[in-house]
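Take a look at the structure below.
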Amino acid sequence: MSVFSVTLPSGVVWVPQFVKAVNAEKCIGCGRCFKVCGRDVLQLMGVDEDGELIAVDPDDDDDDEYEKKVMTVANGQNCTGCEACAKICPKKCYTHSPTPV
Ligand code: SF4
Ligand code: SF4
């Protein structure tokens with residue numbers, strides 16, 4: 001199986017590891033990954049008492065509505081596979097993989 005790769009100007013071949021999932025059980029909603037992602041891939045969501053994801057309004061953060069916050073992959077198609085999110089995550093929540101071509 002061939003996977004998507006990029007040949008850098010140095011001649012080194014880089015295989016991007018695209019984001020696949022964030023483990024909601026491990027995630028503490030710290031937001032570090034969101035800050036390092038420059039591609040608008042991630043979105044912080046609330047988890048209500050039924051385990052349903054609900055939008056978090058950063059301007060009206062009413063934390064009575066949810067039990068905890070978790071990071072989600074909202075726009076996976078924007079990911080460049082840089083893995084910055086996984087490197088900064090203190091809880092090792094991320095799963096990444098190359099993309100077949
Ligand atoms: S791998 Fe890079 S581009 Fe993709 S979600 Fe993580 S930080 Fe964003
Ligand atoms: S850095 Fe890790 S623990 Fe923090 S919000 Fe992102 S996925 Fe969750």
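Residue numbering restarts at 1 in every chain; chains get A, B, ... in the order shown in the structure tokens, and ligands count up from 1 in that same order.
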
Q.
Taking the DSSP secondary structure from the backbone, can you list the residues of range 2-101 of chain A that are alpha helix (DSSP H), as a VMD selection string?
A. chain A and resid 32 to 36 84 to 88

Store the residues picked out above, limited to N, CA, C and O atoms, as a short mmCIF file (atom, residue, chain, number, x, y, z; two decimals), in the first residue's frame.
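Writing done, so here's again11.cif:
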data_model
loop_
_atom_site.label_atom_id
_atom_site.label_comp_id
_atom_site.auth_asym_id
_atom_site.auth_seq_id
_atom_site.Cartn_x
_atom_site.Cartn_y
_atom_site.Cartn_z
N ARG A 32 -4.77 22.93 24.73
CA ARG A 32 -3.41 23.14 24.21
C ARG A 32 -3.32 22.78 22.73
O ARG A 32 -2.65 23.46 21.95
N CYS A 33 -3.96 21.69 22.36
CA CYS A 33 -3.89 21.24 20.96
C CYS A 33 -4.55 22.26 20.04
O CYS A 33 -4.07 22.53 18.94
N PHE A 34 -5.65 22.84 20.49
CA PHE A 34 -6.36 23.84 19.69
C PHE A 34 -5.44 25.02 19.39
O PHE A 34 -5.43 25.55 18.27
N LYS A 35 -4.65 25.43 20.38
CA LYS A 35 -3.79 26.60 20.21
C LYS A 35 -2.67 26.34 19.21
O LYS A 35 -2.22 27.28 18.54
N VAL A 36 -2.19 25.12 19.11
CA VAL A 36 -1.06 24.88 18.19
C VAL A 36 -1.51 24.52 16.78
O VAL A 36 -0.70 24.55 15.86
N ALA A 84 1.48 18.36 15.47
CA ALA A 84 1.73 19.29 16.58
C ALA A 84 0.74 19.06 17.72
O ALA A 84 1.11 19.17 18.89
N CYS A 85 -0.49 18.75 17.38
CA CYS A 85 -1.52 18.52 18.40
C CYS A 85 -1.14 17.34 19.30
O CYS A 85 -1.25 17.42 20.53
N ALA A 86 -0.66 16.27 18.70
CA ALA A 86 -0.30 15.09 19.48
C ALA A 86 0.93 15.37 20.35
O ALA A 86 1.01 14.90 21.49
N LYS A 87 1.86 16.16 19.82
CA LYS A 87 3.08 16.43 20.58
C LYS A 87 2.81 17.27 21.82
O LYS A 87 3.46 17.11 22.84
N ILE A 88 1.84 18.20 21.74
CA ILE A 88 1.58 19.09 22.87
C ILE A 88 0.62 18.46 23.88
O ILE A 88 0.54 18.90 25.03
#

**Q.** Residue neighbourhood Phe4 in chain A, 8 Å, only C-alpha atoms, exclusion window fewer than 3 positions, as an NGL selection string
**A.** :A and (15-16 or 98-101)

**Q.** Pick from A:Ser10, A:Ser5, A:Gln77, A:Asn23, whichever lies nearest to ligand 1 using only C-alpha atoms and all ligand atoms
**A.**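 Result for the nearest residue to ligand 1: A:Gln77.
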
Contacts of Tyr94 in chain A at 12 Å or less, counting only C-alpha atoms, minus same-chain residues fewer than 5 places along, as a compact mmCIF listing (two decimals) with N, CA, C and O atoms, in the first residue's frame?
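Result file part.txt:
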# COMPACT_ATOMS: atom_id res chain seq x y z
N GLN A 17 1.20 12.44 9.09
CA GLN A 17 0.34 11.58 9.90
C GLN A 17 -0.93 12.38 10.22
O GLN A 17 -0.92 13.26 11.08
N PHE A 18 -1.99 12.07 9.50
CA PHE A 18 -3.22 12.85 9.61
C PHE A 18 -4.02 12.47 10.86
O PHE A 18 -4.05 11.30 11.25
N VAL A 19 -4.68 13.47 11.45
CA VAL A 19 -5.44 13.22 12.67
C VAL A 19 -6.66 12.34 12.35
O VAL A 19 -7.36 12.54 11.37
N LYS A 20 -6.84 11.32 13.21
CA LYS A 20 -7.98 10.42 13.03
C LYS A 20 -8.98 10.54 14.17
O LYS A 20 -10.18 10.44 13.96
N ALA A 21 -8.48 10.69 15.39
CA ALA A 21 -9.41 10.70 16.53
C ALA A 21 -8.76 11.33 17.75
O ALA A 21 -7.54 11.38 17.88
N VAL A 22 -9.63 11.82 18.64
CA VAL A 22 -9.22 12.28 19.97
C VAL A 22 -9.97 11.40 20.97
O VAL A 22 -11.19 11.24 20.88
N ASN A 23 -9.23 10.84 21.91
CA ASN A 23 -9.85 9.96 22.91
C ASN A 23 -10.57 10.81 23.95
O ASN A 23 -9.95 11.45 24.79
N ALA A 24 -11.90 10.81 23.89
CA ALA A 24 -12.71 11.66 24.77
C ALA A 24 -12.64 11.22 26.23
O ALA A 24 -12.89 12.03 27.13
N GLU A 25 -12.29 9.97 26.47
CA GLU A 25 -12.17 9.48 27.85
C GLU A 25 -10.94 10.10 28.53
O GLU A 25 -10.97 10.45 29.70
N LYS A 26 -9.86 10.21 27.75
CA LYS A 26 -8.61 10.75 28.31
C LYS A 26 -8.58 12.28 28.32
O LYS A 26 -7.89 12.88 29.14
N CYS A 27 -9.26 12.91 27.37
CA CYS A 27 -9.14 14.36 27.16
C CYS A 27 -9.64 15.14 28.38
O CYS A 27 -10.71 14.85 28.91
N CYS A 33 -3.96 21.69 22.36
CA CYS A 33 -3.89 21.24 20.96
C CYS A 33 -4.55 22.26 20.04
O CYS A 33 -4.07 22.53 18.94
N LEU A 42 -9.75 21.57 14.75
CA LEU A 42 -10.25 21.10 16.05
C LEU A 42 -11.33 22.03 16.61
O LEU A 42 -11.35 23.22 16.32
N MET A 71 -11.92 17.90 23.33
CA MET A 71 -11.57 18.36 21.99
C MET A 71 -12.10 17.36 20.98
O MET A 71 -12.10 16.14 21.22
N THR A 72 -12.57 17.88 19.85
CA THR A 72 -13.11 17.03 18.79
C THR A 72 -12.46 17.41 17.44
O THR A 72 -11.96 18.52 17.28
N VAL A 73 -12.51 16.48 16.51
CA VAL A 73 -12.03 16.72 15.14
C VAL A 73 -13.24 17.19 14.33
O VAL A 73 -14.08 16.40 13.93
N GLY A 81 -1.36 16.95 8.74
CA GLY A 81 -0.61 15.82 9.26
C GLY A 81 0.67 16.19 9.98
O GLY A 81 1.60 15.39 10.05
N GLU A 83 1.15 16.76 13.22
CA GLU A 83 1.22 16.10 14.54
C GLU A 83 1.55 17.05 15.70
O GLU A 83 1.90 16.58 16.79
N ALA A 84 1.48 18.36 15.47
CA ALA A 84 1.73 19.29 16.58
C ALA A 84 0.74 19.06 17.72
O ALA A 84 1.11 19.17 18.89
N CYS A 85 -0.49 18.75 17.38
CA CYS A 85 -1.52 18.52 18.40
C CYS A 85 -1.14 17.34 19.30
O CYS A 85 -1.25 17.42 20.53
N ALA A 86 -0.66 16.27 18.70
CA ALA A 86 -0.30 15.09 19.48
C ALA A 86 0.93 15.37 20.35
O ALA A 86 1.01 14.90 21.49
N LYS A 87 1.86 16.16 19.82
CA LYS A 87 3.08 16.43 20.58
C LYS A 87 2.81 17.27 21.82
O LYS A 87 3.46 17.11 22.84
N ILE A 88 1.84 18.20 21.74
CA ILE A 88 1.58 19.09 22.87
C ILE A 88 0.62 18.46 23.88
O ILE A 88 0.54 18.90 25.03
N CYS A 89 -0.12 17.44 23.48
CA CYS A 89 -1.17 16.88 24.34
C CYS A 89 -0.56 16.15 25.55
O CYS A 89 0.20 15.20 25.39

**Q.** Between CA of Gly29 in chain A and CA of Met45 in chain A, distance in Å (one decimal)
**A.**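 Separation between CA of Gly29 in chain A and CA of Met45 in chain A: 8.5 Å.
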
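Secondary structure by DSSP on the backbone puts the following residues of chain A in strand (DSSP E): Val6, Thr7, Val13, Trp14, Phe18, Val19, Lys20, Ala21, Val22, Leu42, Gln43, Leu44, Met45, Gly46, Val47, Leu53, Ile54, Ala55, Lys68, Lys69, Val70, Met71, Thr72, Val73, Tyr94, Thr95, His96 and Ser97 of chain A.
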
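Counting only C-alpha atoms and all ligand atoms and comparing A:Asp40, A:Thr80, A:Val70, A:Leu8, the residue that lies closest to ligand 2 is A:Val70.
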
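Nearest residue to ligand 2, choosing from A:Val13, A:Val56, A:Val6, A:Cys37 and counting only C-alpha atoms and all ligand atoms: A:Cys37.
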
Q | Given only C-alpha atoms and all ligand atoms as the counted atoms, nearest of A:Gly76, A:Lys92, A:Asp57, A:Glu65 to ligand 2 | A |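 Checking each of A:Gly76, A:Lys92, A:Asp57, A:Glu65 against ligand 2, counting only C-alpha atoms and all ligand atoms, the winner is A:Lys92.
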
Q: Pick out the closest residue to Leu44 in chain A from this set: A:Ile28, A:Thr95, A:Lys69, A:Thr7. Count only C-alpha atoms.
A: A:Lys69
